[in-house]
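A.B. asks: Contents are mmCIF, C-alpha atoms; file name coords_7.cif:
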data_model
#
loop_
_atom_site.label_atom_id
_atom_site.label_comp_id
_atom_site.auth_asym_id
_atom_site.auth_seq_id
_atom_site.Cartn_x
_atom_site.Cartn_y
_atom_site.Cartn_z
CA MET S 1 -3.20 11.22 78.72
CA ALA S 2 -1.40 14.47 79.48
CA ALA S 3 1.77 13.11 77.91
CA GLY S 4 -0.13 12.22 74.74
CA VAL S 5 -1.67 15.68 74.53
CA SER S 6 1.76 17.17 75.08
CA CYS S 7 3.25 15.09 72.23
CA TRP S 8 0.41 16.09 69.88
CA GLY S 9 0.89 19.71 70.87
CA ALA S 10 4.60 19.52 70.14
CA ALA S 11 3.95 17.86 66.78
CA LEU S 12 1.35 20.47 65.86
CA GLY S 13 3.69 23.26 66.93
CA ALA S 14 6.45 21.82 64.74
CA ALA S 15 4.08 21.35 61.79
CA VAL S 16 3.04 25.00 61.99
CA GLY S 17 6.34 26.47 63.12
CA PHE S 18 8.65 24.90 60.53
CA PRO S 19 6.82 26.32 57.48
CA LEU S 20 6.67 29.71 59.20
CA LEU S 21 10.39 29.51 59.87
CA LEU S 22 11.04 28.69 56.20
CA LEU S 23 8.83 31.58 55.14
CA VAL S 24 10.78 33.99 57.33
CA ALA S 25 14.13 32.56 56.23
CA ALA S 26 13.27 32.40 52.51
CA PRO S 27 14.58 35.87 51.55
CA TYR S 28 17.87 35.17 53.33
CA ILE S 29 18.20 31.75 51.69
CA ARG S 30 17.57 33.28 48.26
CA ARG S 31 20.14 36.00 48.92
CA PHE S 32 22.71 33.37 49.88
CA VAL S 33 21.92 31.21 46.83
CA ALA S 34 22.10 34.21 44.47
CA GLY S 35 25.61 35.04 45.62
CA GLY S 36 27.39 38.26 44.73
CA ARG S 37 26.83 40.49 41.75
CA CYS S 38 29.20 42.45 39.56
CA GLU S 39 29.40 45.91 41.09
CA SER S 40 31.53 47.42 38.33
CA ALA S 41 29.86 50.20 36.34
CA ALA S 42 32.48 50.01 33.56
CA ARG S 43 31.25 50.98 30.10
CA LEU S 44 32.25 48.98 27.01
CA ASP S 45 31.55 51.53 24.27
CA GLY S 46 33.76 50.79 21.28
CA LYS S 47 34.60 47.32 22.57
CA ALA S 48 33.79 44.05 20.79
CA ALA S 49 32.93 40.78 22.53
CA VAL S 50 32.36 37.22 21.35
CA ILE S 51 30.28 34.98 23.63
CA THR S 52 29.77 31.34 22.75
CA GLY S 53 26.42 29.76 23.53
CA ALA S 54 24.84 33.15 24.15
CA ASN S 55 21.45 32.21 22.72
CA THR S 56 20.26 30.93 26.12
CA GLY S 57 21.03 30.68 29.84
CA ILE S 58 24.12 32.26 31.36
CA GLY S 59 25.52 33.22 27.97
CA LYS S 60 22.39 35.12 27.00
CA GLU S 61 22.39 37.08 30.26
CA THR S 62 26.09 37.83 29.84
CA ALA S 63 25.42 39.10 26.32
CA ARG S 64 22.56 41.24 27.62
CA GLU S 65 24.77 42.85 30.26
CA LEU S 66 27.67 43.54 27.90
CA ALA S 67 25.25 45.02 25.35
CA ARG S 68 23.75 47.21 28.06
CA ARG S 69 27.25 48.55 28.71
CA GLY S 70 27.63 49.52 25.04
CA ALA S 71 29.69 46.65 23.62
CA ARG S 72 29.35 45.21 20.16
CA VAL S 73 28.29 41.65 21.04
CA ILE S 74 28.68 38.67 18.75
CA ILE S 75 26.47 35.77 19.80
CA ALA S 76 28.25 32.64 18.56
CA CYS S 77 25.94 29.63 18.63
CA ARG S 78 24.90 26.48 16.79
CA ASP S 79 21.17 27.27 16.71
CA THR S 80 21.05 30.57 14.82
CA ALA S 81 17.24 30.78 15.01
CA LYS S 82 17.42 30.85 18.82
CA GLY S 83 20.39 33.17 18.52
CA GLU S 84 18.45 35.66 16.38
CA ALA S 85 15.53 35.56 18.83
CA ALA S 86 17.90 36.27 21.73
CA ALA S 87 19.68 39.04 19.82
CA SER S 88 16.38 40.70 18.88
CA GLU S 89 15.26 40.63 22.52
CA ILE S 90 18.57 42.07 23.74
CA ARG S 91 18.62 44.82 21.09
CA ALA S 92 15.07 45.86 22.01
CA GLU S 93 15.75 45.88 25.75
CA THR S 94 19.15 47.59 25.75
CA GLY S 95 18.71 49.89 22.77
CA ASN S 96 22.03 48.62 21.46
CA PRO S 97 21.75 47.68 17.75
CA GLN S 98 25.19 46.08 17.71
CA VAL S 99 24.15 42.60 18.82
CA VAL S 100 24.74 40.13 15.99
CA VAL S 101 24.58 36.37 15.53
CA LYS S 102 27.17 34.16 13.84
CA LYS S 103 26.93 30.39 13.45
CA LEU S 104 29.35 28.32 15.50
CA ASP S 105 29.19 24.58 16.13
CA LEU S 106 31.85 23.70 18.68
CA ALA S 107 31.40 20.00 17.89
CA ASP S 108 32.79 20.53 14.39
CA THR S 109 36.24 22.00 13.75
CA LYS S 110 35.18 22.92 10.20
CA SER S 111 32.44 25.16 11.65
CA ILE S 112 34.88 26.67 14.14
CA ARG S 113 37.33 27.56 11.37
CA GLU S 114 34.54 29.01 9.21
CA PHE S 115 33.37 31.14 12.14
CA ALA S 116 36.90 32.41 12.77
CA ASP S 117 37.52 33.19 9.09
CA ASN S 118 34.22 35.04 8.85
CA PHE S 119 34.84 36.95 12.07
CA LEU S 120 38.36 38.00 11.12
CA ALA S 121 37.16 39.17 7.71
CA GLU S 122 34.32 41.28 9.12
CA GLU S 123 35.47 42.41 12.57
CA LYS S 124 38.58 44.51 13.05
CA GLU S 125 38.78 44.25 16.84
CA LEU S 126 38.12 41.77 19.63
CA HIS S 127 38.45 42.82 23.25
CA ILE S 128 36.54 40.12 25.12
CA LEU S 129 36.21 36.41 24.33
CA ILE S 130 33.91 34.50 26.67
CA ASN S 131 34.08 30.74 26.15
CA ASN S 132 30.72 30.01 27.75
CA ALA S 133 28.99 27.26 25.72
CA GLY S 134 29.00 23.73 27.04
CA VAL S 135 27.34 20.34 27.27
CA MET S 136 26.70 18.24 30.36
CA LEU S 137 25.68 14.64 31.11
CA CYS S 138 25.53 13.62 27.45
CA PRO S 139 25.01 9.97 26.54
CA TYR S 140 28.20 8.70 24.94
CA SER S 141 28.71 10.37 21.58
CA LYS S 142 31.46 11.95 19.53
CA THR S 143 31.99 15.22 17.73
CA ALA S 144 32.28 15.46 13.94
CA ASP S 145 36.03 14.98 14.37
CA GLY S 146 35.79 11.90 16.61
CA PHE S 147 36.32 13.44 20.04
CA GLU S 148 34.22 12.49 23.07
CA MET S 149 31.46 15.11 23.18
CA HIS S 150 32.21 16.75 26.56
CA LEU S 151 35.93 17.04 25.87
CA GLY S 152 35.34 18.07 22.25
CA VAL S 153 32.79 20.82 22.89
CA ASN S 154 33.70 22.10 26.35
CA HIS S 155 37.47 22.13 25.88
CA LEU S 156 38.86 21.31 22.43
CA GLY S 157 36.33 23.42 20.53
CA HIS S 158 37.05 26.46 22.68
CA PHE S 159 40.78 25.73 22.55
CA LEU S 160 40.72 25.92 18.74
CA LEU S 161 38.45 28.97 18.68
CA THR S 162 40.73 30.83 21.10
CA PHE S 163 43.82 29.91 19.10
CA LEU S 164 42.26 31.16 15.86
CA LEU S 165 41.22 34.50 17.41
CA LEU S 166 44.31 35.04 19.53
CA GLU S 167 46.18 37.40 17.20
CA ARG S 168 43.12 39.64 16.90
CA LEU S 169 42.89 39.74 20.70
CA LYS S 170 46.56 40.72 20.93
CA GLN S 171 46.09 43.43 18.30
CA SER S 172 43.12 44.80 20.27
CA ALA S 173 44.82 44.65 23.69
CA PRO S 174 44.08 45.21 26.46
CA ALA S 175 41.81 42.21 25.99
CA ARG S 176 40.36 39.42 28.10
CA ILE S 177 39.64 35.72 27.66
CA VAL S 178 37.08 34.31 30.10
CA ASN S 179 36.60 30.54 30.32
CA VAL S 180 33.46 29.28 32.04
CA SER S 181 34.55 26.19 33.96
CA SER S 182 32.85 24.63 37.00
CA LEU S 183 33.31 23.54 40.59
CA GLY S 184 33.04 20.11 38.99
CA HIS S 185 36.65 20.43 37.84
CA HIS S 186 37.60 19.19 41.32
CA GLY S 187 36.29 15.77 40.28
CA GLY S 188 38.12 15.75 36.96
CA ARG S 189 41.25 13.97 35.80
CA ILE S 190 43.08 14.15 32.49
CA ARG S 191 42.93 10.50 31.40
CA PHE S 192 45.60 10.48 28.72
CA HIS S 193 45.24 6.72 28.30
CA ASP S 194 41.53 7.13 27.44
CA LEU S 195 40.83 10.75 26.44
CA ASN S 196 37.80 9.78 24.35
CA GLY S 197 36.25 7.55 27.00
CA GLU S 198 36.26 4.51 24.72
CA LYS S 199 37.48 2.14 27.46
CA SER S 200 35.37 3.54 30.29
CA TYR S 201 32.69 6.22 30.20
CA ASN S 202 30.74 7.99 32.91
CA ARG S 203 28.78 11.03 31.73
CA GLY S 204 29.17 12.91 35.03
CA LEU S 205 32.92 12.33 35.22
CA ALA S 206 33.32 13.17 31.53
CA TYR S 207 31.88 16.61 32.28
CA CYS S 208 34.26 17.04 35.24
CA HIS S 209 37.25 16.02 33.11
CA SER S 210 36.37 18.66 30.51
CA LYS S 211 35.99 21.36 33.17
CA LEU S 212 39.41 20.52 34.60
CA ALA S 213 40.78 20.87 31.07
CA ASN S 214 39.24 24.38 30.95
CA VAL S 215 41.15 25.42 34.07
CA LEU S 216 44.44 23.87 32.97
CA PHE S 217 44.10 25.56 29.57
CA THR S 218 43.44 28.90 31.26
CA ARG S 219 46.53 28.62 33.45
CA GLU S 220 48.86 27.71 30.60
CA LEU S 221 47.32 30.28 28.26
CA ALA S 222 47.85 33.00 30.87
CA ARG S 223 51.49 31.98 31.19
CA ARG S 224 52.06 32.13 27.44
CA LEU S 225 50.29 35.50 27.13
CA GLN S 226 52.44 37.28 29.72
CA GLY S 227 53.44 40.70 28.41
CA THR S 228 50.76 40.85 25.70
CA LYS S 229 48.10 42.67 27.78
CA VAL S 230 45.72 39.80 27.05
CA THR S 231 44.51 38.09 30.22
CA ALA S 232 42.91 34.66 30.67
CA ASN S 233 40.82 33.68 33.67
CA ALA S 234 38.40 30.86 34.48
CA LEU S 235 35.34 30.76 36.70
CA HIS S 236 32.63 28.71 38.39
CA PRO S 237 29.21 30.32 37.77
CA GLY S 238 27.42 28.41 40.53
CA SER S 239 24.53 25.96 40.32
CA VAL S 240 22.27 27.66 37.79
CA HIS S 241 18.78 26.80 36.55
CA THR S 242 19.48 26.51 32.82
CA GLU S 243 19.06 24.01 29.97
CA LEU S 244 22.51 22.52 30.63
CA VAL S 245 21.02 19.41 32.30
CA ARG S 246 18.67 18.68 29.37
CA HIS S 247 20.40 15.35 28.64
CA SER S 248 19.37 13.93 32.03
CA LEU S 249 15.66 13.51 32.84
CA ALA S 250 16.46 12.93 36.52
CA MET S 251 18.48 16.14 36.74
CA MET S 252 15.78 18.09 34.94
CA TRP S 253 13.24 17.03 37.55
CA LEU S 254 15.66 17.80 40.40
CA TRP S 255 16.36 21.23 38.89
CA ARG S 256 12.62 21.94 38.82
CA ILE S 257 11.96 20.66 42.36
CA PHE S 258 14.88 22.55 43.89
CA SER S 259 14.82 25.59 41.61
CA PHE S 260 14.45 27.83 44.68
CA PHE S 261 17.96 26.77 45.70
CA LEU S 262 19.48 27.40 42.26
CA LYS S 263 20.72 30.62 40.73
CA THR S 264 18.77 32.26 37.95
CA PRO S 265 20.68 32.68 34.65
CA TRP S 266 21.14 36.38 35.48
CA GLU S 267 22.65 35.51 38.86
CA GLY S 268 24.81 32.84 37.25
CA ALA S 269 26.16 35.33 34.72
CA GLN S 270 27.50 37.74 37.32
CA THR S 271 30.95 36.17 37.66
CA SER S 272 31.36 36.03 33.87
CA VAL S 273 30.48 39.73 33.67
CA TYR S 274 32.82 40.51 36.57
CA CYS S 275 35.75 38.75 34.86
CA ALA S 276 34.96 40.54 31.60
CA VAL S 277 34.59 44.12 32.84
CA ALA S 278 35.92 44.73 36.36
CA GLU S 279 38.60 47.42 36.31
CA GLU S 280 40.58 45.78 39.12
CA LEU S 281 41.10 42.67 36.96
CA GLU S 282 42.76 44.48 34.06
CA SER S 283 46.13 42.86 34.76
CA VAL S 284 44.94 39.79 36.71
CA THR S 285 45.48 36.57 34.78
CA GLY S 286 45.61 32.81 35.25
CA GLN S 287 43.11 32.87 38.13
CA TYR S 288 39.91 30.99 38.96
CA PHE S 289 36.91 32.89 40.28
CA SER S 290 33.61 32.09 41.95
CA ILE S 291 30.97 34.72 42.83
CA GLY S 292 33.37 37.52 41.98
CA ALA S 293 36.20 36.32 44.22
CA PHE S 294 39.26 34.07 43.97
CA ALA S 295 38.27 30.44 44.50
CA GLU S 296 40.08 27.26 45.45
CA LEU S 297 41.50 25.17 42.64
CA SER S 298 41.66 21.42 42.34
CA SER S 299 44.89 19.79 43.55
CA HIS S 300 45.26 18.48 39.98
CA VAL S 301 45.86 22.00 38.60
#
Could the structure of this file be written out as structure tokens, please?
C.D. replies:
Amino acid sequence: MAAGVSCWGAALGAAVGFPLLLLVAAPYIRRFVAGGRCESAARLDGKAAVITGANTGIGKETARELARRGARVIIACRDTAKGEAAASEIRAETGNPQVVVKKLDLADTKSIREFADNFLAEEKELHILINNAGVMLCPYSKTADGFEMHLGVNHLGHFLLTFLLLERLKQSAPARIVNVSSLGHHGGRIRFHDLNGEKSYNRGLAYCHSKLANVLFTRELARRLQGTKVTANALHPGSVHTELVRHSLAMMWLWRIFSFFLKTPWEGAQTSVYCAVAEELESVTGQYFSIGAFAELSSHV
């Protein structure tokens, strides 16, 4: 009898104590999940920045922070209605009228070239290019030019965009290119025998392959830009609660259930902002960052 009462007492104590422990630990867990923040107070007055996919999520928060620092921010996105809504919100909050929207569909090289032509005709300088837009866990599909969607949007679209804007970046130097990759690049491989996933396709691995391509592109770009005062760095933003998982119902539910353990878009944008503005990174190039610090690269880099 005494043993039974003792067991019930222990169970009751655990049932009450565990939630209390979580309640006490919650602020510390959130602080750990949030990670570091960009501590630089650098101003960007007179500087121009292009951010792809800045109508929502990490890109939008990055645009907000760069606008707050005085930059002219070009939101480059496919959905211009959402882009205009984001730009209006950012202009009102920061008091910076120089937040504009230009149409860019990274799944269509024609759109990319039109964006670049329009930008070069209207904008005389470019100091920061943040290749932020991306897709994840898409059912098998191809871009307008026949590339597998993850590879086409996440890597090839940004590759072409960067190439088309490169001379303007050099003319505006010192300038920075920031490529938003992912920890997922560790699971990626460059499958030259099946780049478009026509023989074998796994949506999770396709994302990882494209993120590895981001890092490899960054490293080679940095090598080729030596001596130009244009730097190129890549980063992992962390696990962030954004619309990126919208193509997977299971992931959307998991993101909602475990949102407490995910970064907010503002928290996820901190490494992008750090790579774009930190004074100590002015001559740092070809590196991969996570939470404002150097991070380990895949053995395939």
A.B. asks: Choose the residue, out of S:Val230, S:Ala81, S:Ile291, S:Leu205, that has the smallest atom-to-atom separation from Lys263 (chain S); count all atoms listed in the file.
C.D. replies: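 Result for the nearest residue to Lys263 (chain S): S:Ile291.
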A.B. asks: Just the number, please: distance in Å from CA of Arg78 (chain S) to CA of Ile128 (chain S), one decimal.
C.D. replies: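 We find that CA of Arg78 (chain S) and CA of Ile128 (chain S) lie 19.8 Å from each other.
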A.B. asks: How far is it from CA of Tyr274 (chain S) to CA of Gln287 (chain S), in Å with one decimal?
C.D. replies: 12.9 Å
A.B. asks: Report as a list in words the full result of the PyMOL selection byres ((chain S and resi 67) around 9) when it is applied to this structure.
C.D. replies: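 With the PyMOL selection byres ((chain S and resi 67) around 9) on this model, the match is Leu44, Thr62, Ala63, Arg64, Glu65, Leu66, Arg68, Arg69, Gly70, Ala71, Arg72, Val73, Ile90, Arg91, Thr94, Gly95, Asn96, Pro97, Gln98 and Val99 of chain S.
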A.B. asks: Which of these residues is nearest to Ala213 (chain S), using all atoms listed in the file: S:Leu160, S:Val180, S:Leu151, S:Ala173?
C.D. replies: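 So, comparing all the options, the nearest one is S:Leu151.
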A.B. asks: From the list S:Leu165, S:Met136, S:Met149, S:Leu235, which residue is nearest Phe119 (chain S) when using only C-alpha atoms?
C.D. replies: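 Result for the nearest residue to Phe119 (chain S): S:Leu165.
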